$ cat coords.cif   # mmCIF, C-alpha atoms
data_structure
loop_
_atom_site.group_PDB
_atom_site.id
_atom_site.type_symbol
_atom_site.label_atom_id
_atom_site.label_comp_id
_atom_site.auth_asym_id
_atom_site.auth_seq_id
_atom_site.Cartn_x
_atom_site.Cartn_y
_atom_site.Cartn_z
ATOM 1 C CA MET A 1428 108.316 133.074 133.068
ATOM 2 C CA SER A 1429 105.023 132.959 131.129
ATOM 3 C CA SER A 1430 102.227 130.487 131.835
ATOM 4 C CA THR A 1431 102.846 128.978 128.393
ATOM 5 C CA ASP A 1432 106.493 128.193 129.213
ATOM 6 C CA THR A 1433 105.486 126.700 132.553
ATOM 7 C CA ALA A 1434 102.956 124.407 130.898
ATOM 8 C CA ALA A 1435 105.533 123.280 128.350
ATOM 9 C CA GLU A 1436 107.887 122.129 131.102
ATOM 10 C CA THR A 1437 105.232 120.345 133.128
ATOM 11 C CA PRO A 1438 105.465 116.524 132.914
ATOM 12 C CA GLY A 1439 102.561 114.850 131.170
ATOM 13 C CA GLU A 1440 99.625 113.776 133.296
ATOM 14 C CA MET A 1441 98.557 110.173 133.601
ATOM 15 C CA PRO A 1442 96.636 109.384 130.403
ATOM 16 C CA SER A 1443 93.039 108.245 130.617
ATOM 17 C CA PRO A 1444 92.101 104.612 129.847
ATOM 18 C CA ARG A 1445 90.800 105.748 126.462
ATOM 19 C CA ALA A 1446 94.098 107.476 125.715
ATOM 20 C CA ILE A 1447 96.034 104.339 126.759
ATOM 21 C CA VAL A 1448 93.958 102.236 124.356
ATOM 22 C CA ALA A 1449 94.613 104.772 121.591
ATOM 23 C CA ILE A 1450 98.372 104.705 122.280
ATOM 24 C CA VAL A 1451 98.511 100.896 122.254
ATOM 25 C CA ALA A 1452 96.497 100.834 119.021
ATOM 26 C CA ALA A 1453 98.925 103.339 117.488
ATOM 27 C CA TRP A 1454 101.888 101.146 118.449
ATOM 28 C CA LEU A 1455 100.228 98.094 116.905
ATOM 29 C CA VAL A 1456 99.592 100.062 113.728
ATOM 30 C CA LEU A 1457 103.271 101.048 113.768
ATOM 31 C CA LEU A 1458 104.186 97.377 113.993
ATOM 32 C CA VAL A 1459 101.962 96.460 111.038
ATOM 33 C CA LEU A 1460 103.294 99.355 108.968
ATOM 34 C CA ALA A 1461 106.887 98.405 109.767
ATOM 35 C CA THR A 1462 106.230 94.832 108.634
ATOM 36 C CA ALA A 1463 104.672 96.046 105.387
ATOM 37 C CA ALA A 1464 107.526 98.504 104.867
ATOM 38 C CA VAL A 1465 110.173 95.792 105.222
ATOM 39 C CA LEU A 1466 108.308 93.552 102.763
ATOM 40 C CA TYR A 1467 107.488 96.153 100.113
ATOM 41 C CA PRO A 1468 109.156 99.629 100.089
ATOM 42 C CA LEU A 1469 112.355 98.571 101.879
ATOM 43 C CA GLY A 1470 112.452 95.009 100.551
ATOM 44 C CA PRO A 1471 113.341 95.983 96.964
ATOM 45 C CA LEU A 1472 116.193 98.155 98.223
ATOM 46 C CA PHE A 1473 117.616 95.297 100.293
ATOM 47 C CA GLN A 1474 117.135 92.835 97.422
ATOM 48 C CA ARG A 1475 118.825 95.090 94.867
ATOM 49 C CA ARG A 1476 121.806 95.457 97.165
ATOM 50 C CA GLU A 1477 122.004 91.678 97.584
ATOM 51 C CA GLN A 1478 121.689 91.154 93.824
ATOM 52 C CA HIS A 1479 124.413 93.690 93.118
ATOM 53 C CA GLU A 1480 126.825 91.828 95.385
ATOM 54 C CA LEU A 1481 125.791 88.421 94.017
ATOM 55 C CA LEU A 1482 126.117 89.557 90.405
ATOM 56 C CA ARG A 1483 129.544 91.073 90.935
ATOM 57 C CA GLY A 1484 130.839 87.941 92.643
ATOM 58 C CA PHE A 1485 129.284 85.484 90.191
ATOM 59 C CA ARG A 1486 130.622 87.314 87.149
ATOM 60 C CA VAL A 1487 134.107 86.864 88.569
ATOM 61 C CA GLU A 1488 133.431 83.134 88.976
ATOM 62 C CA VAL A 1489 132.124 82.899 85.399
ATOM 63 C CA GLN A 1490 135.257 84.614 84.062
ATOM 64 C CA GLN A 1491 137.519 82.334 86.094
ATOM 65 C CA ALA A 1492 135.640 79.278 84.824
ATOM 66 C CA ALA A 1493 135.984 80.511 81.241
ATOM 67 C CA ASP A 1494 139.710 81.104 81.725
ATOM 68 C CA ALA A 1495 140.161 77.633 83.158
ATOM 69 C CA LYS A 1496 138.217 76.140 80.267
ATOM 70 C CA GLU A 1497 140.520 77.872 77.809
ATOM 71 C CA GLY A 1498 143.511 76.473 79.696
ATOM 72 C CA LEU A 1499 145.231 79.781 80.341
ATOM 73 C CA ALA A 1500 148.731 79.537 81.793
ATOM 74 C CA GLY A 1501 149.024 79.585 85.554
ATOM 75 C CA LEU A 1502 145.610 78.069 86.218
ATOM 76 C CA LEU A 1503 145.336 74.743 87.974
ATOM 77 C CA ASP A 1504 143.352 71.894 86.532
ATOM 78 C CA ALA A 1505 139.677 72.160 87.415
ATOM 79 C CA GLU A 1506 138.647 70.152 90.449
ATOM 80 C CA GLU A 1507 135.721 67.775 90.467
ATOM 81 C CA PRO A 1508 132.558 69.849 90.921
ATOM 82 C CA LEU A 1509 130.616 69.564 94.159
ATOM 83 C CA ALA A 1510 126.918 69.966 94.753
ATOM 84 C CA PRO A 1511 126.151 73.662 95.328
ATOM 85 C CA GLU A 1512 125.681 74.756 98.923
ATOM 86 C CA VAL A 1513 122.499 76.433 100.061
ATOM 87 C CA GLY A 1514 122.750 80.166 99.371
ATOM 88 C CA GLN A 1515 125.470 79.756 96.731
ATOM 89 C CA SER A 1516 125.032 81.567 93.401
ATOM 90 C CA VAL A 1517 124.369 79.054 90.621
ATOM 91 C CA ALA A 1518 123.273 81.083 87.579
ATOM 92 C CA ILE A 1519 122.290 84.422 86.085
ATOM 93 C CA LEU A 1520 118.779 84.299 84.658
ATOM 94 C CA ASP A 1521 117.639 86.745 81.963
ATOM 95 C CA LEU A 1522 113.904 86.916 81.254
ATOM 96 C CA GLY A 1523 114.020 88.958 78.078
ATOM 97 C CA ARG A 1524 110.406 90.078 77.615
ATOM 98 C CA VAL A 1525 109.915 91.271 81.192
ATOM 99 C CA ARG A 1526 113.432 92.774 81.412
ATOM 100 C CA VAL A 1527 114.410 90.871 84.513
ATOM 101 C CA GLN A 1528 117.964 89.785 85.272
ATOM 102 C CA GLN A 1529 118.499 87.933 88.532
ATOM 103 C CA VAL A 1530 121.222 85.857 90.121
ATOM 104 C CA VAL A 1531 119.757 82.495 91.096
ATOM 105 C CA VAL A 1532 120.876 81.041 94.410
ATOM 106 C CA GLU A 1533 120.702 77.474 95.642
ATOM 107 C CA GLY A 1534 117.734 76.741 97.900
ATOM 108 C CA VAL A 1535 114.143 77.907 98.157
ATOM 109 C CA GLY A 1536 113.842 78.878 101.826
ATOM 110 C CA PRO A 1537 112.836 82.426 102.839
ATOM 111 C CA ASP A 1538 116.459 83.384 103.518
ATOM 112 C CA GLN A 1539 117.404 82.393 99.961
ATOM 113 C CA THR A 1540 114.430 83.797 98.019
ATOM 114 C CA ARG A 1541 114.755 87.175 99.715
ATOM 115 C CA ARG A 1542 118.130 87.457 97.972
ATOM 116 C CA GLY A 1543 116.974 86.196 94.578
ATOM 117 C CA PRO A 1544 115.130 83.364 92.834
ATOM 118 C CA GLY A 1545 116.039 79.982 94.272
ATOM 119 C CA HIS A 1546 117.022 76.797 92.475
ATOM 120 C CA VAL A 1547 115.157 73.814 93.902
ATOM 121 C CA PRO A 1548 117.768 71.382 95.280
ATOM 122 C CA GLY A 1549 117.593 67.946 93.734
ATOM 123 C CA THR A 1550 116.370 69.194 90.364
ATOM 124 C CA ALA A 1551 118.705 69.465 87.380
ATOM 125 C CA GLY A 1552 121.249 72.250 87.287
ATOM 126 C CA LEU A 1553 120.435 75.102 84.917
ATOM 127 C CA GLY A 1554 121.625 74.268 81.419
ATOM 128 C CA GLN A 1555 121.971 70.578 82.282
ATOM 129 C CA PRO A 1556 119.931 67.506 81.278
ATOM 130 C CA GLY A 1557 116.530 67.135 82.905
ATOM 131 C CA ASN A 1558 114.107 69.423 84.684
ATOM 132 C CA SER A 1559 115.650 72.459 86.357
ATOM 133 C CA VAL A 1560 113.224 74.280 88.686
ATOM 134 C CA VAL A 1561 113.539 77.852 89.964
ATOM 135 C CA VAL A 1562 111.149 79.487 92.446
ATOM 136 C CA GLY A 1563 110.964 83.261 92.879
ATOM 137 C CA ARG A 1564 108.965 85.760 94.909
ATOM 138 C CA ARG A 1565 105.824 87.305 93.462
ATOM 139 C CA SER A 1566 105.580 90.568 95.381
ATOM 140 C CA GLY A 1567 107.818 90.796 98.446
ATOM 141 C CA TRP A 1568 111.523 91.724 98.503
ATOM 142 C CA GLY A 1569 111.369 93.271 95.059
ATOM 143 C CA GLY A 1570 109.117 90.585 93.550
ATOM 144 C CA PRO A 1571 111.541 89.458 90.821
ATOM 145 C CA PHE A 1572 108.926 87.044 89.397
ATOM 146 C CA ASP A 1573 106.022 89.488 89.595
ATOM 147 C CA GLU A 1574 105.751 89.666 85.783
ATOM 148 C CA LEU A 1575 106.384 85.977 85.192
ATOM 149 C CA GLY A 1576 102.852 85.538 83.857
ATOM 150 C CA SER A 1577 103.608 88.116 81.128
ATOM 151 C CA LEU A 1578 105.968 85.728 79.342
ATOM 152 C CA ARG A 1579 104.602 84.268 76.115
ATOM 153 C CA GLU A 1580 105.157 81.122 74.092
ATOM 154 C CA GLY A 1581 108.302 81.503 72.022
ATOM 155 C CA ASP A 1582 110.032 83.963 74.376
ATOM 156 C CA GLU A 1583 113.672 83.230 75.113
ATOM 157 C CA ILE A 1584 115.169 82.829 78.590
ATOM 158 C CA VAL A 1585 118.954 82.869 78.922
ATOM 159 C CA ALA A 1586 120.719 81.112 81.791
ATOM 160 C CA THR A 1587 124.410 81.793 82.395
ATOM 161 C CA THR A 1588 126.278 79.320 84.571
ATOM 162 C CA LEU A 1589 129.919 78.434 85.158
ATOM 163 C CA GLN A 1590 129.588 76.043 82.216
ATOM 164 C CA GLY A 1591 128.425 78.696 79.776
ATOM 165 C CA GLN A 1592 125.168 80.107 78.398
ATOM 166 C CA THR A 1593 122.001 78.195 77.694
ATOM 167 C CA VAL A 1594 118.908 79.383 75.849
ATOM 168 C CA TYR A 1595 115.444 78.130 76.791
ATOM 169 C CA VAL A 1596 112.316 78.776 74.728
ATOM 170 C CA VAL A 1597 109.018 79.231 76.558
ATOM 171 C CA ARG A 1598 106.477 76.525 75.733
ATOM 172 C CA SER A 1599 103.699 77.263 78.194
ATOM 173 C CA VAL A 1600 102.587 79.811 80.796
ATOM 174 C CA GLU A 1601 99.739 78.805 83.062
ATOM 175 C CA GLU A 1602 98.178 79.175 86.467
ATOM 176 C CA ARG A 1603 97.696 75.880 88.232
ATOM 177 C CA ARG A 1604 97.539 74.149 91.554
ATOM 178 C CA LEU A 1605 101.069 73.482 92.746
ATOM 179 C CA GLN A 1606 101.830 69.765 92.903
ATOM 180 C CA PRO A 1607 105.553 69.456 93.656
ATOM 181 C CA GLU A 1608 105.771 65.720 92.953
ATOM 182 C CA GLU A 1609 104.654 66.352 89.388
ATOM 183 C CA LEU A 1610 106.184 69.769 88.765
ATOM 184 C CA TYR A 1611 109.577 69.211 90.377
ATOM 185 C CA GLY A 1612 110.078 65.624 89.270
ATOM 186 C CA PRO A 1613 112.387 64.363 86.506
ATOM 187 C CA SER A 1614 111.454 64.880 82.868
ATOM 188 C CA ASP A 1615 112.164 63.085 79.607
ATOM 189 C CA ASP A 1616 113.284 66.340 78.002
ATOM 190 C CA ASP A 1617 115.606 69.144 79.068
ATOM 191 C CA ARG A 1618 113.584 72.013 80.482
ATOM 192 C CA LEU A 1619 113.486 74.988 82.785
ATOM 193 C CA THR A 1620 110.489 75.371 85.090
ATOM 194 C CA LEU A 1621 109.877 78.762 86.699
ATOM 195 C CA VAL A 1622 107.409 78.992 89.584
ATOM 196 C CA THR A 1623 105.889 81.777 91.659
ATOM 197 C CA SER A 1624 102.709 82.425 93.609
ATOM 198 C CA ALA A 1625 99.577 83.104 91.575
ATOM 199 C CA SER A 1626 98.493 85.661 94.184
ATOM 200 C CA ARG A 1627 100.118 88.785 95.583
ATOM 201 C CA SER A 1628 98.695 87.922 98.988
ATOM 202 C CA PRO A 1629 101.561 87.246 101.437
ATOM 203 C CA PHE A 1630 99.710 84.187 102.769
ATOM 204 C CA ALA A 1631 98.895 82.385 99.496
ATOM 205 C CA THR A 1632 100.298 78.858 99.226
ATOM 206 C CA ASP A 1633 97.954 76.982 96.892
ATOM 207 C CA ARG A 1634 98.043 78.137 93.293
ATOM 208 C CA ALA A 1635 101.094 78.964 91.208
ATOM 209 C CA ILE A 1636 102.080 80.627 87.963
ATOM 210 C CA VAL A 1637 104.220 78.095 86.119
ATOM 211 C CA VAL A 1638 106.406 78.754 83.082
ATOM 212 C CA GLU A 1639 107.855 75.760 81.250
ATOM 213 C CA ALA A 1640 110.615 76.353 78.711
ATOM 214 C CA GLY A 1641 112.478 73.824 76.594
ATOM 215 C CA LEU A 1642 116.238 73.878 76.162
ATOM 216 C CA ASP A 1643 117.341 75.075 72.727
ATOM 217 C CA GLY A 1644 120.424 73.063 71.813
ATOM 218 C CA ARG A 1645 122.522 70.547 73.660
ATOM 219 C CA PRO A 1646 122.785 70.529 77.467
ATOM 220 C CA PHE A 1647 126.023 70.774 79.381
ATOM 221 C CA GLU A 1648 127.434 67.853 81.306
ATOM 222 C CA PRO A 1649 125.475 67.181 84.511
ATOM 223 C CA THR A 1650 127.110 68.060 87.809
ATOM 224 C CA PRO A 1651 126.241 66.843 91.334
ATOM 225 C CA GLN A 1652 123.078 68.329 92.813
ATOM 226 C CA GLY A 1653 121.901 68.362 96.405
ATOM 227 C CA GLY A 1654 118.903 66.412 97.633
ATOM 228 C CA ARG A 1655 115.466 67.899 98.274
ATOM 229 C CA ALA A 1656 113.164 66.987 101.115
ATOM 230 C CA ALA A 1657 109.624 66.402 99.886
ATOM 231 C CA SER A 1658 108.375 69.256 102.062
ATOM 232 C CA ILE A 1659 110.735 71.837 100.528
ATOM 233 C CA ASP A 1660 109.007 73.390 97.541
ATOM 234 C CA GLY A 1661 109.394 77.153 97.947
ATOM 235 C CA ARG A 1662 106.179 77.778 99.871
ATOM 236 C CA GLN A 1663 107.386 77.145 103.406
ATOM 237 C CA GLY A 1664 108.207 79.789 105.954
ATOM 238 C CA ASP A 1665 111.208 79.644 108.252
ATOM 239 C CA THR A 1666 110.219 78.217 111.640
ATOM 240 C CA GLY A 1667 113.513 79.574 112.933
ATOM 241 C CA GLY A 1668 111.876 82.990 112.774
ATOM 242 C CA TRP A 1669 109.931 82.353 115.977
ATOM 243 C CA ALA A 1670 112.956 82.926 118.220
ATOM 244 C CA PRO A 1671 113.892 86.372 116.863
ATOM 245 C CA LEU A 1672 110.190 87.247 116.733
ATOM 246 C CA ALA A 1673 109.891 86.533 120.452
ATOM 247 C CA LEU A 1674 113.098 88.470 121.159
ATOM 248 C CA PHE A 1675 112.318 91.569 119.119
ATOM 249 C CA GLY A 1676 108.621 91.464 119.975
ATOM 250 C CA THR A 1677 109.564 91.558 123.638
ATOM 251 C CA GLY A 1678 111.975 94.402 122.902
ATOM 252 C CA PHE A 1679 109.201 96.307 121.162
ATOM 253 C CA ALA A 1680 106.868 95.767 124.145
ATOM 254 C CA VAL A 1681 109.560 96.907 126.588
ATOM 255 C CA ALA A 1682 110.235 99.998 124.485
ATOM 256 C CA ALA A 1683 106.501 100.736 124.414
ATOM 257 C CA VAL A 1684 106.198 100.434 128.189
ATOM 258 C CA LEU A 1685 109.274 102.610 128.666
ATOM 259 C CA ALA A 1686 107.761 105.184 126.333
ATOM 260 C CA ALA A 1687 104.570 105.232 128.408
ATOM 261 C CA VAL A 1688 106.568 105.810 131.581
ATOM 262 C CA LEU A 1689 108.636 108.608 130.039
ATOM 263 C CA TYR A 1690 105.565 110.311 128.630
ATOM 264 C CA ARG A 1691 104.168 110.264 132.161
ATOM 265 C CA ARG A 1692 107.263 111.760 133.805
ATOM 266 C CA TRP A 1693 108.926 113.909 131.164
ATOM 267 C CA ARG A 1694 107.912 116.588 128.737
ATOM 268 C CA PRO A 1695 106.204 115.102 125.636
ATOM 269 C CA LEU A 1696 108.823 116.402 123.174
ATOM 270 C CA THR A 1697 111.719 114.938 125.181
ATOM 271 C CA ALA A 1698 109.953 111.617 125.611
ATOM 272 C CA TYR A 1699 109.126 111.538 121.897
ATOM 273 C CA LEU A 1700 112.726 112.156 120.818
ATOM 274 C CA LEU A 1701 114.063 109.480 123.159
ATOM 275 C CA THR A 1702 111.536 106.722 122.551
ATOM 276 C CA THR A 1703 110.531 106.988 118.893
ATOM 277 C CA PRO A 1704 113.841 105.719 117.399
ATOM 278 C CA ALA A 1705 113.823 102.656 119.687
ATOM 279 C CA LEU A 1706 110.180 101.911 118.882
ATOM 280 C CA VAL A 1707 110.766 102.220 115.131
ATOM 281 C CA VAL A 1708 113.896 100.022 115.168
ATOM 282 C CA MET A 1709 112.217 97.345 117.279
ATOM 283 C CA ALA A 1710 109.123 97.498 115.071
ATOM 284 C CA ILE A 1711 111.220 96.944 111.932
ATOM 285 C CA LEU A 1712 113.160 94.054 113.481
ATOM 286 C CA THR A 1713 109.916 92.497 114.710
ATOM 287 C CA GLY A 1714 108.357 92.953 111.282
ATOM 288 C CA GLU A 1715 111.353 91.330 109.589
ATOM 289 C CA SER A 1716 111.005 88.346 111.949
ATOM 290 C CA VAL A 1717 107.321 88.045 111.044
ATOM 291 C CA LEU A 1718 108.237 87.947 107.351
ATOM 292 C CA ARG A 1719 110.507 84.967 107.900
ATOM 293 C CA LEU A 1720 107.416 82.983 108.823
ATOM 294 C CA LEU A 1721 105.600 83.794 105.563
ATOM 295 C CA PRO A 1722 105.774 81.560 102.448
ATOM 296 C CA ALA A 1723 109.119 81.843 100.672
ATOM 297 C CA TRP A 1724 107.505 82.721 97.330
ATOM 298 C CA THR A 1725 105.557 85.696 98.771
#
$ encode --input "coords.cif" --output "structure tokens"
Amino acid sequence: MSSTDTAAETPGEMPSPRAIVAIVAAWLVLLVLATAAVLYPLGPLFQRREQHELLRGFRVEVQQAADAKEGLAGLLDAEEPLAPEVGQSVAILDLGRVRVQQVVVEGVGPDQTRRGPGHVPGTAGLGQPGNSVVVGRRSGWGGPFDELGSLREGDEIVATTLQGQTVYVVRSVEERRLQPEELYGPSDDDRLTLVTSASRSPFATDRAIVVEAGLDGRPFEPTPQGGRAASIDGRQGDTGGWAPLALFGTGFAVAAVLAAVLYRRWRPLTAYLLTTPALVVMAILTGESVLRLLPAWT
């Protein structure tokens, strides 16, 4: 056996303190990169998959509602509508100029806005009398409202709900300080208010891009809407993310320690093949938990 083969089979020696610091730094970089990857490169893929499922299901609901409205044989009389549940699809929103079509879900928490723009509970339903408010992400998870500021006065926005289609005409597009009491409150006219972060920074919570559009035509009959806590405005993170963050962060640390031990006792290639998948998976899960803590309009 050659000296080269013997060296290849020799377990790794105990790394120096400098090497340990370098390894820990590399793992931390991996964690940061995994978080960024979940938010940006992987986020759009996850969001498109969610939107595909939401769109397919909501189109079926729209067709069933249209059939019931026409009174087709075999359909039962429509039941009294209930307030939409959090996470439920409530509309399809078409932003013509920026070529964006998104299914809007009820609620503006991080778990809702990662799937699509969220309707603010307690505001008017889309296509109904009053002020209907929708909050969407600016950059993360596909950033469906990234080009919201590109809309111009006179542009049309089409909202499709179980009641039918409604056209809104853009009246103003501006960047402003977000004041929920004013922006999300009732209005004398029938309008659609679209909101997203004014910054692509994942930590921004102060300023917003706001699009106000007036309803063109008559509104549909109002239906029950859920209530909104004053603190729920689309900027909050999910405090429930701390538990999975602690769990997966611990898993990542354990995997890192195990990797260090295996690198010490086994050949580097074997240790690499065994530990890298676990480190990557734990890094991604930890990163996803971190993202739950960020503002919901990120």
$ resolve_selection --input "coords.cif" --expression "the PyMOL selection byres ((chain A and resi 1615-1618) around 8)" --output "ChimeraX atom specification"
/A:1555-1559,1595,1613-1614,1619-1620,1639-1642,1646
$ residues_around --input "coords.cif" --residues "Gly1545 in chain A" --least-positions-apart "5" --cutoff "12 Å" --atoms "all atoms listed in the file" --output "PyMOL selection string"
chain A and resi 1511-1520+1529-1540+1550+1552-1553+1559-1564+1571-1572+1620-1623+1659-1662+1723-1724
$ residues_around --input "coords.cif" --residues "Ala1625 in chain A" --least-positions-apart "6" --cutoff "9 Å" --atoms "only C-alpha atoms" --output "list in words"
Arg1565, Gly1576, Glu1602, Arg1603, Ala1631, Thr1632, Asp1633, Arg1634, Ala1635, Ile1636 and Val1637 of chain A
$ closest_residue --input "coords.cif" --among "A:Arg1483, A:Arg1692, A:Arg1719, A:Arg1475" --to "Gly1668 in chain A" --atoms "all atoms listed in the file"
A:Arg1719
$ atom_distance --input "coords.cif" --atom1 "CA of Val1638 in chain A" --atom2 "CA of His1479 in chain A"
25.5 Å
$ closest_residue --input "coords.cif" --among "A:Pro1649, A:Arg1486, A:Glu1507, A:Val1527" --to "Gly1554 in chain A" --atoms "all atoms listed in the file"
A:Pro1649
$ closest_residue --input "coords.cif" --among "A:Thr1462, A:Gln1652, A:Gln1606, A:Gln1490" --to "Gly1591 in chain A" --atoms "all atoms listed in the file"
A:Gln1490
$ residues_around --input "coords.cif" --residues "Val1585 in chain A" --least-positions-apart "4" --cutoff "7 Å" --atoms "all atoms listed in the file" --output "PyMOL selection string"
chain A and resi 1520-1522+1592-1595
$ atom_distance --input "coords.cif" --atom1 "CA of Phe1675 in chain A" --atom2 "CA of Thr1713 in chain A"
5.1 Å
$ closest_residue --input "coords.cif" --among "A:Arg1627, A:Ala1493, A:Gln1528, A:Val1596" --to "Asp1573 in chain A" --atoms "all atoms listed in the file"
A:Arg1627
$ residues_around --input "coords.cif" --residues "Pro1704 in chain A" --least-positions-apart "5" --cutoff "12 Å" --atoms "all atoms listed in the file" --output "tab-separated table (two decimals) with C-alpha atoms, in the frame of the given file"
chain	number	residue	atom	x	y	z
A	1679	PHE	CA	109.20	96.31	121.16
A	1682	ALA	CA	110.24	100.00	124.48
A	1683	ALA	CA	106.50	100.74	124.41
A	1686	ALA	CA	107.76	105.18	126.33
A	1698	ALA	CA	109.95	111.62	125.61
A	1699	TYR	CA	109.13	111.54	121.90
A	1709	MET	CA	112.22	97.34	117.28
A	1710	ALA	CA	109.12	97.50	115.07
A	1711	ILE	CA	111.22	96.94	111.93
$ atom_distance --input "coords.cif" --atom1 "CA of Ala1492 in chain A" --atom2 "CA of Ala1510 in chain A"
16.2 Å
$ build_atoms --input "coords.cif" --residues "range 1600-1607 of chain A" --atoms "all heavy atoms" --output "mmCIF file, keeping the file's coordinate frame"
data_model
loop_
_atom_site.group_PDB
_atom_site.id
_atom_site.type_symbol
_atom_site.label_atom_id
_atom_site.label_comp_id
_atom_site.auth_asym_id
_atom_site.auth_seq_id
_atom_site.Cartn_x
_atom_site.Cartn_y
_atom_site.Cartn_z
ATOM 1 N N VAL A 1600 102.725 78.949 79.624
ATOM 2 C CA VAL A 1600 102.587 79.811 80.796
ATOM 3 C C VAL A 1600 101.174 79.587 81.321
ATOM 4 O O VAL A 1600 100.203 79.849 80.614
ATOM 5 C CB VAL A 1600 102.780 81.308 80.456
ATOM 6 C CG1 VAL A 1600 102.653 82.160 81.719
ATOM 7 C CG2 VAL A 1600 104.128 81.538 79.791
ATOM 8 N N GLU A 1601 101.072 79.103 82.550
ATOM 9 C CA GLU A 1601 99.739 78.805 83.062
ATOM 10 C C GLU A 1601 99.663 78.972 84.569
ATOM 11 O O GLU A 1601 100.680 78.933 85.272
ATOM 12 C CB GLU A 1601 99.330 77.379 82.699
ATOM 13 C CG GLU A 1601 100.247 76.299 83.263
ATOM 14 C CD GLU A 1601 99.777 74.898 82.900
ATOM 15 O OE1 GLU A 1601 98.603 74.743 82.518
ATOM 16 O OE2 GLU A 1601 100.593 73.958 82.999
ATOM 17 N N GLU A 1602 98.446 79.176 85.035
ATOM 18 C CA GLU A 1602 98.178 79.175 86.467
ATOM 19 C C GLU A 1602 97.594 77.826 86.832
ATOM 20 O O GLU A 1602 96.679 77.336 86.170
ATOM 21 C CB GLU A 1602 97.188 80.285 86.832
ATOM 22 C CG GLU A 1602 96.841 80.317 88.312
ATOM 23 C CD GLU A 1602 95.849 81.397 88.677
ATOM 24 O OE1 GLU A 1602 95.842 82.441 88.004
ATOM 25 O OE2 GLU A 1602 95.059 81.194 89.635
ATOM 26 N N ARG A 1603 98.122 77.234 87.874
ATOM 27 C CA ARG A 1603 97.696 75.880 88.232
ATOM 28 C C ARG A 1603 97.923 75.627 89.710
ATOM 29 O O ARG A 1603 98.634 76.377 90.378
ATOM 30 C CB ARG A 1603 98.459 74.847 87.405
ATOM 31 C CG ARG A 1603 99.965 74.965 87.550
ATOM 32 C CD ARG A 1603 100.725 74.137 86.553
ATOM 33 N NE ARG A 1603 100.727 72.744 86.901
ATOM 34 C CZ ARG A 1603 101.486 71.818 86.304
ATOM 35 N NH1 ARG A 1603 102.262 72.171 85.291
ATOM 36 N NH2 ARG A 1603 101.447 70.571 86.676
ATOM 37 N N ARG A 1604 97.307 74.589 90.190
ATOM 38 C CA ARG A 1604 97.539 74.149 91.554
ATOM 39 C C ARG A 1604 98.944 73.560 91.634
ATOM 40 O O ARG A 1604 99.339 72.771 90.770
ATOM 41 C CB ARG A 1604 96.503 73.101 91.955
ATOM 42 C CG ARG A 1604 96.624 72.617 93.399
ATOM 43 C CD ARG A 1604 95.578 71.550 93.668
ATOM 44 N NE ARG A 1604 95.696 71.053 95.016
ATOM 45 C CZ ARG A 1604 95.114 71.598 96.073
ATOM 46 N NH1 ARG A 1604 94.368 72.678 95.916
ATOM 47 N NH2 ARG A 1604 95.259 71.087 97.265
ATOM 48 N N LEU A 1605 99.692 73.961 92.641
ATOM 49 C CA LEU A 1605 101.069 73.482 92.746
ATOM 50 C C LEU A 1605 101.107 72.072 93.298
ATOM 51 O O LEU A 1605 100.646 71.795 94.411
ATOM 52 C CB LEU A 1605 101.881 74.403 93.657
ATOM 53 C CG LEU A 1605 103.357 74.026 93.824
ATOM 54 C CD1 LEU A 1605 104.060 74.000 92.473
ATOM 55 C CD2 LEU A 1605 104.061 74.997 94.762
ATOM 56 N N GLN A 1606 101.641 71.159 92.511
ATOM 57 C CA GLN A 1606 101.830 69.765 92.903
ATOM 58 C C GLN A 1606 103.309 69.434 92.716
ATOM 59 O O GLN A 1606 103.735 69.047 91.630
ATOM 60 C CB GLN A 1606 100.952 68.838 92.066
ATOM 61 C CG GLN A 1606 99.450 69.092 92.266
ATOM 62 C CD GLN A 1606 98.581 68.238 91.365
ATOM 63 O OE1 GLN A 1606 98.832 68.122 90.165
ATOM 64 N NE2 GLN A 1606 97.568 67.618 91.955
ATOM 65 N N PRO A 1607 104.101 69.598 93.775
ATOM 66 C CA PRO A 1607 105.553 69.456 93.656
ATOM 67 C C PRO A 1607 106.010 68.120 93.077
ATOM 68 O O PRO A 1607 106.978 68.077 92.305
ATOM 69 C CB PRO A 1607 106.031 69.622 95.106
ATOM 70 C CG PRO A 1607 104.948 70.393 95.774
ATOM 71 C CD PRO A 1607 103.679 69.936 95.135
#
